[in-house]
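Enquirer: This is model_36.txt, which holds compact mmCIF, C-alpha atoms:
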# COMPACT_ATOMS: atom_id res chain seq x y z
CA MET A 1454 36.90 -14.97 28.09
CA ILE A 1455 38.45 -11.50 27.91
CA GLY A 1456 41.16 -10.84 30.48
CA ARG A 1457 43.18 -7.71 31.16
CA LEU A 1458 42.84 -4.49 29.21
CA ASN A 1459 46.22 -4.59 27.48
CA HIS A 1460 46.10 -1.04 26.13
CA VAL A 1461 44.01 1.84 24.85
CA ALA A 1462 45.26 3.16 21.49
CA ILE A 1463 45.00 6.84 20.60
CA ALA A 1464 45.65 8.14 17.09
CA VAL A 1465 47.47 11.47 17.30
CA PRO A 1466 48.26 14.11 14.67
CA ASP A 1467 51.69 14.98 16.15
CA LEU A 1468 53.52 12.14 17.88
CA ALA A 1469 56.29 14.26 19.38
CA ALA A 1470 53.83 16.79 20.80
CA ALA A 1471 51.55 14.08 22.20
CA SER A 1472 54.51 12.24 23.77
CA ALA A 1473 55.78 15.43 25.36
CA GLN A 1474 52.31 16.21 26.67
CA TYR A 1475 51.89 12.83 28.35
CA ALA A 1476 55.39 13.08 29.83
CA ASP A 1477 55.51 16.72 30.87
CA VAL A 1478 51.89 17.79 31.43
CA LEU A 1479 50.34 14.51 32.59
CA GLY A 1480 53.55 13.26 34.23
CA ALA A 1481 53.43 9.73 32.77
CA THR A 1482 56.24 7.34 31.81
CA VAL A 1483 56.59 7.64 28.03
CA GLY A 1484 58.73 5.38 25.83
CA ALA A 1485 60.60 6.09 22.58
CA PRO A 1486 58.85 5.95 19.18
CA GLN A 1487 58.93 2.53 17.50
CA ASP A 1488 58.26 2.08 13.80
CA GLU A 1489 55.99 -0.87 13.01
CA PRO A 1490 56.15 -1.06 9.20
CA ASP A 1491 54.05 -4.24 9.07
CA HIS A 1492 51.20 -2.32 10.71
CA GLY A 1493 51.72 1.05 9.05
CA VAL A 1494 52.19 2.88 12.33
CA THR A 1495 54.76 4.44 14.57
CA VAL A 1496 53.86 3.76 18.19
CA VAL A 1497 54.78 5.26 21.54
CA PHE A 1498 53.89 3.31 24.66
CA ILE A 1499 52.89 5.09 27.85
CA GLU A 1500 53.26 2.86 30.89
CA LEU A 1501 50.60 3.31 33.54
CA PRO A 1502 50.68 1.26 36.77
CA ASN A 1503 47.96 -1.11 35.52
CA THR A 1504 47.88 -0.87 31.70
CA LYS A 1505 49.32 1.02 28.73
CA ILE A 1506 48.30 3.84 26.44
CA GLU A 1507 49.52 3.37 22.87
CA LEU A 1508 49.94 6.53 20.80
CA LEU A 1509 49.58 5.80 17.07
CA TYR A 1510 50.88 7.83 14.17
CA PRO A 1511 50.72 6.88 10.46
CA LEU A 1512 53.78 5.26 8.89
CA GLY A 1513 53.84 4.94 5.10
CA ASP A 1514 51.18 5.69 2.51
CA ASP A 1515 48.85 2.78 3.33
CA SER A 1516 48.62 3.35 7.07
CA PRO A 1517 45.30 2.22 8.56
CA ILE A 1518 45.47 5.27 10.83
CA ARG A 1519 45.54 7.81 8.00
CA GLY A 1520 41.80 7.67 7.26
CA PHE A 1521 40.97 7.93 10.96
CA LEU A 1522 43.05 11.10 11.28
CA ASP A 1523 41.49 12.53 8.12
CA LYS A 1524 38.09 12.14 9.80
CA ASN A 1525 39.38 13.17 13.24
CA PRO A 1526 42.10 15.78 12.66
CA SER A 1527 42.62 16.36 16.41
CA GLY A 1528 43.08 12.61 16.92
CA GLY A 1529 40.98 10.33 19.09
CA ILE A 1530 40.70 6.94 20.76
CA HIS A 1531 41.20 4.40 17.97
CA HIS A 1532 40.76 1.03 19.69
CA MET A 1533 41.11 -0.89 22.93
CA CYS A 1534 42.82 -4.24 23.32
CA PHE A 1535 41.73 -7.10 25.56
CA GLU A 1536 43.97 -10.05 26.37
CA VAL A 1537 42.75 -13.59 25.71
CA GLU A 1538 44.42 -16.89 26.50
CA ASP A 1539 43.53 -18.65 23.23
CA ILE A 1540 42.84 -16.39 20.27
CA ILE A 1541 41.56 -19.18 18.01
CA ALA A 1542 39.06 -20.34 20.63
CA ALA A 1543 38.04 -16.71 21.21
CA ARG A 1544 37.58 -16.12 17.47
CA ASP A 1545 35.49 -19.24 17.03
CA ARG A 1546 33.28 -18.36 19.99
CA LEU A 1547 32.77 -14.82 18.69
CA LYS A 1548 31.97 -16.00 15.18
CA ALA A 1549 29.49 -18.54 16.54
CA GLU A 1550 27.78 -15.64 18.34
CA GLY A 1551 27.54 -13.71 15.07
CA ALA A 1552 30.33 -11.18 15.67
CA ARG A 1553 32.42 -10.20 12.66
CA VAL A 1554 36.19 -10.56 12.72
CA LEU A 1555 38.00 -8.07 10.46
CA GLY A 1556 40.18 -9.20 7.56
CA SER A 1557 40.76 -12.86 6.79
CA GLY A 1558 39.88 -14.00 10.29
CA ASP A 1559 43.37 -15.42 10.76
CA PRO A 1560 45.39 -13.80 13.56
CA LYS A 1561 48.29 -11.54 12.59
CA ILE A 1562 51.36 -10.83 14.67
CA GLY A 1563 50.75 -7.53 16.45
CA ALA A 1564 52.98 -4.73 17.65
CA HIS A 1565 53.94 -6.75 20.75
CA GLY A 1566 54.89 -9.86 18.75
CA LYS A 1567 51.73 -11.73 19.81
CA PRO A 1568 48.80 -12.95 17.67
CA VAL A 1569 46.02 -10.37 17.35
CA LEU A 1570 42.59 -10.01 15.76
CA PHE A 1571 40.24 -7.04 15.39
CA LEU A 1572 36.45 -7.19 15.80
CA HIS A 1573 34.01 -5.13 13.75
CA PRO A 1574 33.13 -1.91 15.62
CA LYS A 1575 29.51 -2.02 14.44
CA ASP A 1576 29.08 -5.28 16.36
CA PHE A 1577 30.51 -3.75 19.58
CA ASN A 1578 28.86 -0.40 20.29
CA GLY A 1579 30.97 1.54 17.80
CA THR A 1580 34.17 0.39 19.52
CA LEU A 1581 37.07 -1.19 17.63
CA ILE A 1582 38.23 -4.09 19.81
CA GLU A 1583 41.59 -5.81 19.40
CA LEU A 1584 42.12 -9.22 20.96
CA GLU A 1585 45.69 -10.23 21.78
CA GLN A 1586 46.77 -13.70 22.83
CA ILE A 1587 49.14 -13.51 25.79
CA MET B 684 51.11 12.70 37.97
CA ILE B 685 48.52 10.38 36.42
CA GLY B 686 48.28 6.96 38.02
CA ARG B 687 46.13 3.95 37.14
CA LEU B 688 43.64 3.91 34.30
CA ASN B 689 40.50 3.75 36.42
CA HIS B 690 38.11 3.00 33.55
CA VAL B 691 37.25 3.39 29.89
CA ALA B 692 33.70 4.66 29.36
CA ILE B 693 31.64 3.55 26.36
CA ALA B 694 28.34 5.20 25.43
CA VAL B 695 25.92 2.54 24.20
CA PRO B 696 22.52 2.79 22.46
CA ASP B 697 21.06 -0.25 24.27
CA LEU B 698 22.33 -0.88 27.78
CA ALA B 699 20.73 -4.30 28.23
CA ALA B 700 22.05 -5.56 24.90
CA ALA B 701 25.56 -4.22 25.54
CA SER B 702 25.62 -5.72 29.05
CA ALA B 703 24.49 -9.09 27.72
CA GLN B 704 27.12 -8.95 24.97
CA TYR B 705 29.99 -8.28 27.39
CA ALA B 706 28.73 -11.02 29.72
CA ASP B 707 27.75 -13.70 27.20
CA VAL B 708 29.85 -13.07 24.08
CA LEU B 709 33.00 -11.57 25.62
CA GLY B 710 32.68 -13.56 28.87
CA ALA B 711 33.33 -10.64 31.22
CA THR B 712 32.05 -9.93 34.75
CA VAL B 713 29.19 -7.44 34.32
CA GLY B 714 27.43 -5.60 37.16
CA ALA B 715 23.85 -4.39 37.51
CA PRO B 716 22.72 -1.04 36.04
CA GLN B 717 23.04 1.91 38.42
CA ASP B 718 21.17 5.17 37.89
CA GLU B 719 23.32 8.25 38.47
CA PRO B 720 20.77 11.09 38.28
CA ASP B 721 23.37 13.74 39.22
CA HIS B 722 25.34 12.81 36.10
CA GLY B 723 22.42 12.08 33.75
CA VAL B 724 23.54 8.53 33.08
CA THR B 725 22.76 4.94 33.92
CA VAL B 726 26.02 3.02 34.25
CA VAL B 727 27.02 -0.63 34.12
CA PHE B 728 30.50 -1.56 35.34
CA ILE B 729 32.43 -4.37 33.72
CA GLU B 730 35.21 -5.66 35.96
CA LEU B 731 38.38 -6.68 34.19
CA PRO B 732 41.39 -8.04 36.13
CA ASN B 733 43.25 -4.71 35.94
CA THR B 734 40.66 -1.98 35.26
CA LYS B 735 36.98 -1.37 34.46
CA ILE B 736 34.83 -0.69 31.43
CA GLU B 737 31.93 1.65 32.18
CA LEU B 738 28.93 1.39 29.88
CA LEU B 739 26.98 4.68 29.77
CA TYR B 740 23.37 5.20 28.78
CA PRO B 741 21.43 8.50 28.95
CA LEU B 742 19.24 9.14 31.99
CA GLY B 743 16.83 12.09 31.83
CA ASP B 744 16.38 14.77 29.20
CA ASP B 745 19.61 16.68 29.91
CA SER B 746 21.98 13.74 29.76
CA PRO B 747 25.48 14.69 28.59
CA ILE B 748 25.55 11.37 26.70
CA ARG B 749 22.51 12.15 24.53
CA GLY B 750 24.36 14.40 22.07
CA PHE B 751 27.20 11.91 21.78
CA LEU B 752 24.77 9.12 20.83
CA ASP B 753 22.98 11.42 18.37
CA LYS B 754 26.33 11.86 16.61
CA ASN B 755 27.38 8.22 17.10
CA PRO B 756 24.20 6.12 16.91
CA SER B 757 26.12 2.83 17.27
CA GLY B 758 27.83 4.17 20.41
CA GLY B 759 31.54 4.67 20.96
CA ILE B 760 34.30 5.27 23.45
CA HIS B 761 33.27 8.41 25.35
CA HIS B 762 36.16 9.05 27.74
CA MET B 763 38.93 7.47 29.77
CA CYS B 764 39.63 8.15 33.42
CA PHE B 765 43.04 8.44 35.06
CA GLU B 766 43.51 8.36 38.82
CA VAL B 767 45.36 11.19 40.56
CA GLU B 768 46.33 11.55 44.21
CA ASP B 769 45.47 15.25 44.55
CA ILE B 770 42.94 16.59 42.07
CA ILE B 771 43.43 20.24 43.01
CA ALA B 772 47.20 19.99 42.51
CA ALA B 773 46.59 18.17 39.21
CA ARG B 774 44.13 20.82 38.04
CA ASP B 775 46.47 23.68 38.91
CA ARG B 776 49.40 22.01 37.15
CA LEU B 777 47.28 21.39 34.03
CA LYS B 778 45.95 24.95 33.97
CA ALA B 779 49.47 26.32 34.37
CA GLU B 780 50.44 24.26 31.29
CA GLY B 781 47.55 25.79 29.32
CA ALA B 782 45.14 22.83 29.38
CA ARG B 783 41.46 23.64 29.69
CA VAL B 784 39.37 22.10 32.47
CA LEU B 785 35.68 21.72 31.55
CA GLY B 786 32.93 23.47 33.51
CA SER B 787 33.67 25.66 36.51
CA GLY B 788 37.02 24.02 37.18
CA ASP B 789 35.86 22.88 40.60
CA PRO B 790 35.80 19.09 41.05
CA LYS B 791 32.41 17.38 41.18
CA ILE B 792 31.62 14.14 42.95
CA GLY B 793 31.72 11.39 40.31
CA ALA B 794 29.93 8.09 39.87
CA HIS B 795 32.32 6.43 42.35
CA GLY B 796 31.77 9.06 45.07
CA LYS B 797 35.20 10.62 44.47
CA PRO B 798 36.08 14.14 43.17
CA VAL B 799 36.41 14.28 39.39
CA LEU B 800 37.28 16.79 36.65
CA PHE B 801 37.15 16.58 32.85
CA LEU B 802 39.78 18.02 30.51
CA HIS B 803 38.99 19.56 27.13
CA PRO B 804 39.36 16.91 24.38
CA LYS B 805 40.81 19.43 21.92
CA ASP B 806 43.78 19.86 24.26
CA PHE B 807 44.39 16.08 24.47
CA ASN B 808 44.38 14.55 20.97
CA GLY B 809 40.59 14.47 20.65
CA THR B 810 40.31 12.39 23.83
CA LEU B 811 38.00 13.32 26.69
CA ILE B 812 40.02 12.68 29.87
CA GLU B 813 38.46 12.39 33.31
CA LEU B 814 40.68 12.73 36.36
CA GLU B 815 39.51 11.07 39.57
CA GLN B 816 41.07 11.59 42.97
CA ILE B 817 41.51 8.28 44.75
Let's see the structure in the file written out as structure tokens.
Expert:
Amino acid sequence: MIGRLNHVAIAVPDLAAASAQYADVLGATVGAPQDEPDHGVTVVFIELPNTKIELLYPLGDDSPIRGFLDKNPSGGIHHMCFEVEDIIAARDRLKAEGARVLGSGDPKIGAHGKPVLFLHPKDFNGTLIELEQI
Amino acid sequence: MIGRLNHVAIAVPDLAAASAQYADVLGATVGAPQDEPDHGVTVVFIELPNTKIELLYPLGDDSPIRGFLDKNPSGGIHHMCFEVEDIIAARDRLKAEGARVLGSGDPKIGAHGKPVLFLHPKDFNGTLIELEQI
């Protein structure tokens, strides 16, 4: 069911410093910051040859990243995203297996303009998993 | 400098259950457990089309994963691994930029039989980064 690893998302306490570090110290290809007000984050994409790293920084007062950074002031890996061909079929299969889908269970449009869902980390080894339909 | 994302490593409290979940619930291609006594872990590789997930479970009393699971009983993302062409050149560049390399600073032979180093998570947004020479 799951396909490619679309990205690994890292919450960071200083987006400019983290971007500069990936560009200058790790020598990666780093994009410009993009505000995603619908998701409460500013994101920076780092293009690797086979996948992406997504740096996340809170945007607005209700950002879902804020609590994570309060608990992890240095930052940390926030989630990983797998691609699926049919997000409704994937959701229904996961729910039938007893996995919990976060929120209403209806896909939202994610930062890449594609439908996404998040799975409960307690059901997946403490790992927050995003599914994105491609 | 960094190339492909070689793998994302997830420490899990029950290797058989996590393997079955990735195979049966997430529909991924899951390998057989491999003991890596030199690294104090048993690993299961999950092959995605573009990268790998590495499930980690403690092996032996001195496993470096044991403390992580004590702090995170449900498991969690433990590290991510970037490929580099020349690990000594990468190490020297990182040290010159002020990043801390864990341990002696000399590469060890990793689970894939290639030289590896780990970078201090406090220097990289709370993320433990492994570099592997390919």
Enquirer: Might you pull out every residue within 10 Å of Thr1504 of chain A, with all atoms listed in the file counted and same-chain residues fewer than 3 positions away left off, and present them as a ChimeraX atom specification?
Expert: /A:1457-1461,1499-1501,1507 /B:687-689,733-734
Enquirer: Counting only C-alpha atoms, figure out which residue out of A:Leu1547, A:Ala1469, A:Leu1572, A:Leu1584 gets nearest to chain B.
Expert: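 Looking only at the distances to chain B, the closest residue turns out to be A:Leu1547.
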Enquirer: Quick one, how far is atom CA of Glu815 of chain B from atom CA of Glu766 of chain B?
Expert: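 For atom CA of Glu815 of chain B relative to atom CA of Glu766 of chain B, the distance reads 4.9 Å.
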Enquirer: Could you tell me which residues of chain B sit within 9 Å of chain A when counting only C-alpha atoms, and give me the result as number ranges by chain?
Expert: B: 684-689, 691, 693-697, 701, 704, 708-711, 731-735, 755-762, 773, 776-777, 780, 782, 804-811
Enquirer: Could you tell me how far atom CA of Asp745 of chain B lies from atom CA of Ala703 of chain B, in Å and to one decimal?
Expert: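 Atom-to-atom, atom CA of Asp745 of chain B to atom CA of Ala703 of chain B, that is 26.3 Å.
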Enquirer: Looking at only C-alpha atoms, which of A:Asp1514, A:Asp1491, A:Glu1538, A:Asp1523 is the one that sits closest to Ile1587 of chain A?
Expert: A:Glu1538
Enquirer: Taking (56.4, 0.2, 10.4) as a centre in this file's frame and 10 Å as the limit, can you find every polymer residue with an atom that close, using only C-alpha atoms, and give them as a PyMOL selection string?
Expert: chain A and resi 1487-1496+1511-1513+1516+1564
Enquirer: Quick one: segment 1481-1514 of chain A with N, CA and C atoms, as a tab-separated table (two decimals), in the frame of the given file?
Expert:
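Output below, filename selection.tsv:
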chain	number	residue	atom	x	y	z
A	1481	ALA	N	53.42	11.19	32.95
A	1481	ALA	CA	53.43	9.73	32.77
A	1481	ALA	C	54.79	9.27	32.26
A	1482	THR	N	55.01	7.95	32.29
A	1482	THR	CA	56.24	7.34	31.81
A	1482	THR	C	56.06	7.00	30.33
A	1483	VAL	N	56.80	7.70	29.48
A	1483	VAL	CA	56.59	7.64	28.03
A	1483	VAL	C	57.82	7.04	27.36
A	1484	GLY	N	57.63	6.04	26.51
A	1484	GLY	CA	58.73	5.38	25.83
A	1484	GLY	C	59.15	6.11	24.55
A	1485	ALA	N	60.11	5.52	23.85
A	1485	ALA	CA	60.60	6.09	22.58
A	1485	ALA	C	59.72	5.61	21.44
A	1486	PRO	N	59.64	6.38	20.35
A	1486	PRO	CA	58.85	5.95	19.18
A	1486	PRO	C	59.42	4.68	18.57
A	1487	GLN	N	58.53	3.77	18.16
A	1487	GLN	CA	58.93	2.53	17.50
A	1487	GLN	C	58.17	2.43	16.18
A	1488	ASP	N	58.90	2.29	15.10
A	1488	ASP	CA	58.26	2.08	13.80
A	1488	ASP	C	57.79	0.64	13.68
A	1489	GLU	N	56.56	0.47	13.24
A	1489	GLU	CA	55.99	-0.87	13.01
A	1489	GLU	C	55.55	-0.93	11.56
A	1490	PRO	N	56.51	-1.13	10.63
A	1490	PRO	CA	56.15	-1.06	9.20
A	1490	PRO	C	55.09	-2.08	8.78
A	1491	ASP	N	55.06	-3.24	9.43
A	1491	ASP	CA	54.05	-4.24	9.07
A	1491	ASP	C	52.63	-3.76	9.39
A	1492	HIS	N	52.52	-2.81	10.30
A	1492	HIS	CA	51.20	-2.32	10.71
A	1492	HIS	C	50.93	-0.90	10.24
A	1493	GLY	N	51.93	-0.29	9.58
A	1493	GLY	CA	51.72	1.05	9.05
A	1493	GLY	C	51.59	2.12	10.12
A	1494	VAL	N	52.27	1.91	11.24
A	1494	VAL	CA	52.19	2.88	12.33
A	1494	VAL	C	53.54	3.05	13.02
A	1495	THR	N	53.71	4.23	13.57
A	1495	THR	CA	54.76	4.44	14.57
A	1495	THR	C	54.05	4.53	15.91
A	1496	VAL	N	54.55	3.81	16.90
A	1496	VAL	CA	53.86	3.76	18.19
A	1496	VAL	C	54.76	4.28	19.30
A	1497	VAL	N	54.12	4.87	20.29
A	1497	VAL	CA	54.78	5.26	21.54
A	1497	VAL	C	53.95	4.66	22.67
A	1498	PHE	N	54.60	3.91	23.54
A	1498	PHE	CA	53.89	3.31	24.66
A	1498	PHE	C	54.04	4.17	25.91
A	1499	ILE	N	52.91	4.37	26.57
A	1499	ILE	CA	52.89	5.09	27.85
A	1499	ILE	C	52.54	4.07	28.91
A	1500	GLU	N	53.44	3.89	29.86
A	1500	GLU	CA	53.26	2.86	30.89
A	1500	GLU	C	52.52	3.45	32.08
A	1501	LEU	N	51.32	2.96	32.32
A	1501	LEU	CA	50.60	3.31	33.54
A	1501	LEU	C	50.78	2.15	34.53
A	1502	PRO	N	50.45	2.35	35.80
A	1502	PRO	CA	50.68	1.26	36.77
A	1502	PRO	C	49.91	-0.02	36.43
A	1503	ASN	N	48.77	0.09	35.75
A	1503	ASN	CA	47.96	-1.11	35.52
A	1503	ASN	C	47.72	-1.47	34.05
A	1504	THR	N	48.09	-0.59	33.13
A	1504	THR	CA	47.88	-0.87	31.70
A	1504	THR	C	48.73	0.10	30.89
A	1505	LYS	N	48.52	0.13	29.59
A	1505	LYS	CA	49.32	1.02	28.73
A	1505	LYS	C	48.39	1.88	27.88
A	1506	ILE	N	48.88	3.05	27.52
A	1506	ILE	CA	48.30	3.84	26.44
A	1506	ILE	C	49.26	3.71	25.27
A	1507	GLU	N	48.70	3.53	24.07
A	1507	GLU	CA	49.52	3.37	22.87
A	1507	GLU	C	49.18	4.54	21.95
A	1508	LEU	N	50.14	5.44	21.76
A	1508	LEU	CA	49.94	6.53	20.80
A	1508	LEU	C	50.28	6.01	19.41
A	1509	LEU	N	49.41	6.28	18.44
A	1509	LEU	CA	49.58	5.80	17.07
A	1509	LEU	C	49.73	6.96	16.11
A	1510	TYR	N	50.68	6.82	15.20
A	1510	TYR	CA	50.88	7.83	14.17
A	1510	TYR	C	51.12	7.10	12.85
A	1511	PRO	N	50.58	7.61	11.73
A	1511	PRO	CA	50.72	6.88	10.46
A	1511	PRO	C	52.17	6.71	10.03
A	1512	LEU	N	52.47	5.54	9.48
A	1512	LEU	CA	53.78	5.26	8.89
A	1512	LEU	C	53.52	4.70	7.49
A	1513	GLY	N	54.04	5.39	6.48
A	1513	GLY	CA	53.84	4.94	5.10
A	1513	GLY	C	52.51	5.41	4.54
A	1514	ASP	N	52.34	5.16	3.22
A	1514	ASP	CA	51.18	5.69	2.51
A	1514	ASP	C	49.90	4.89	2.76
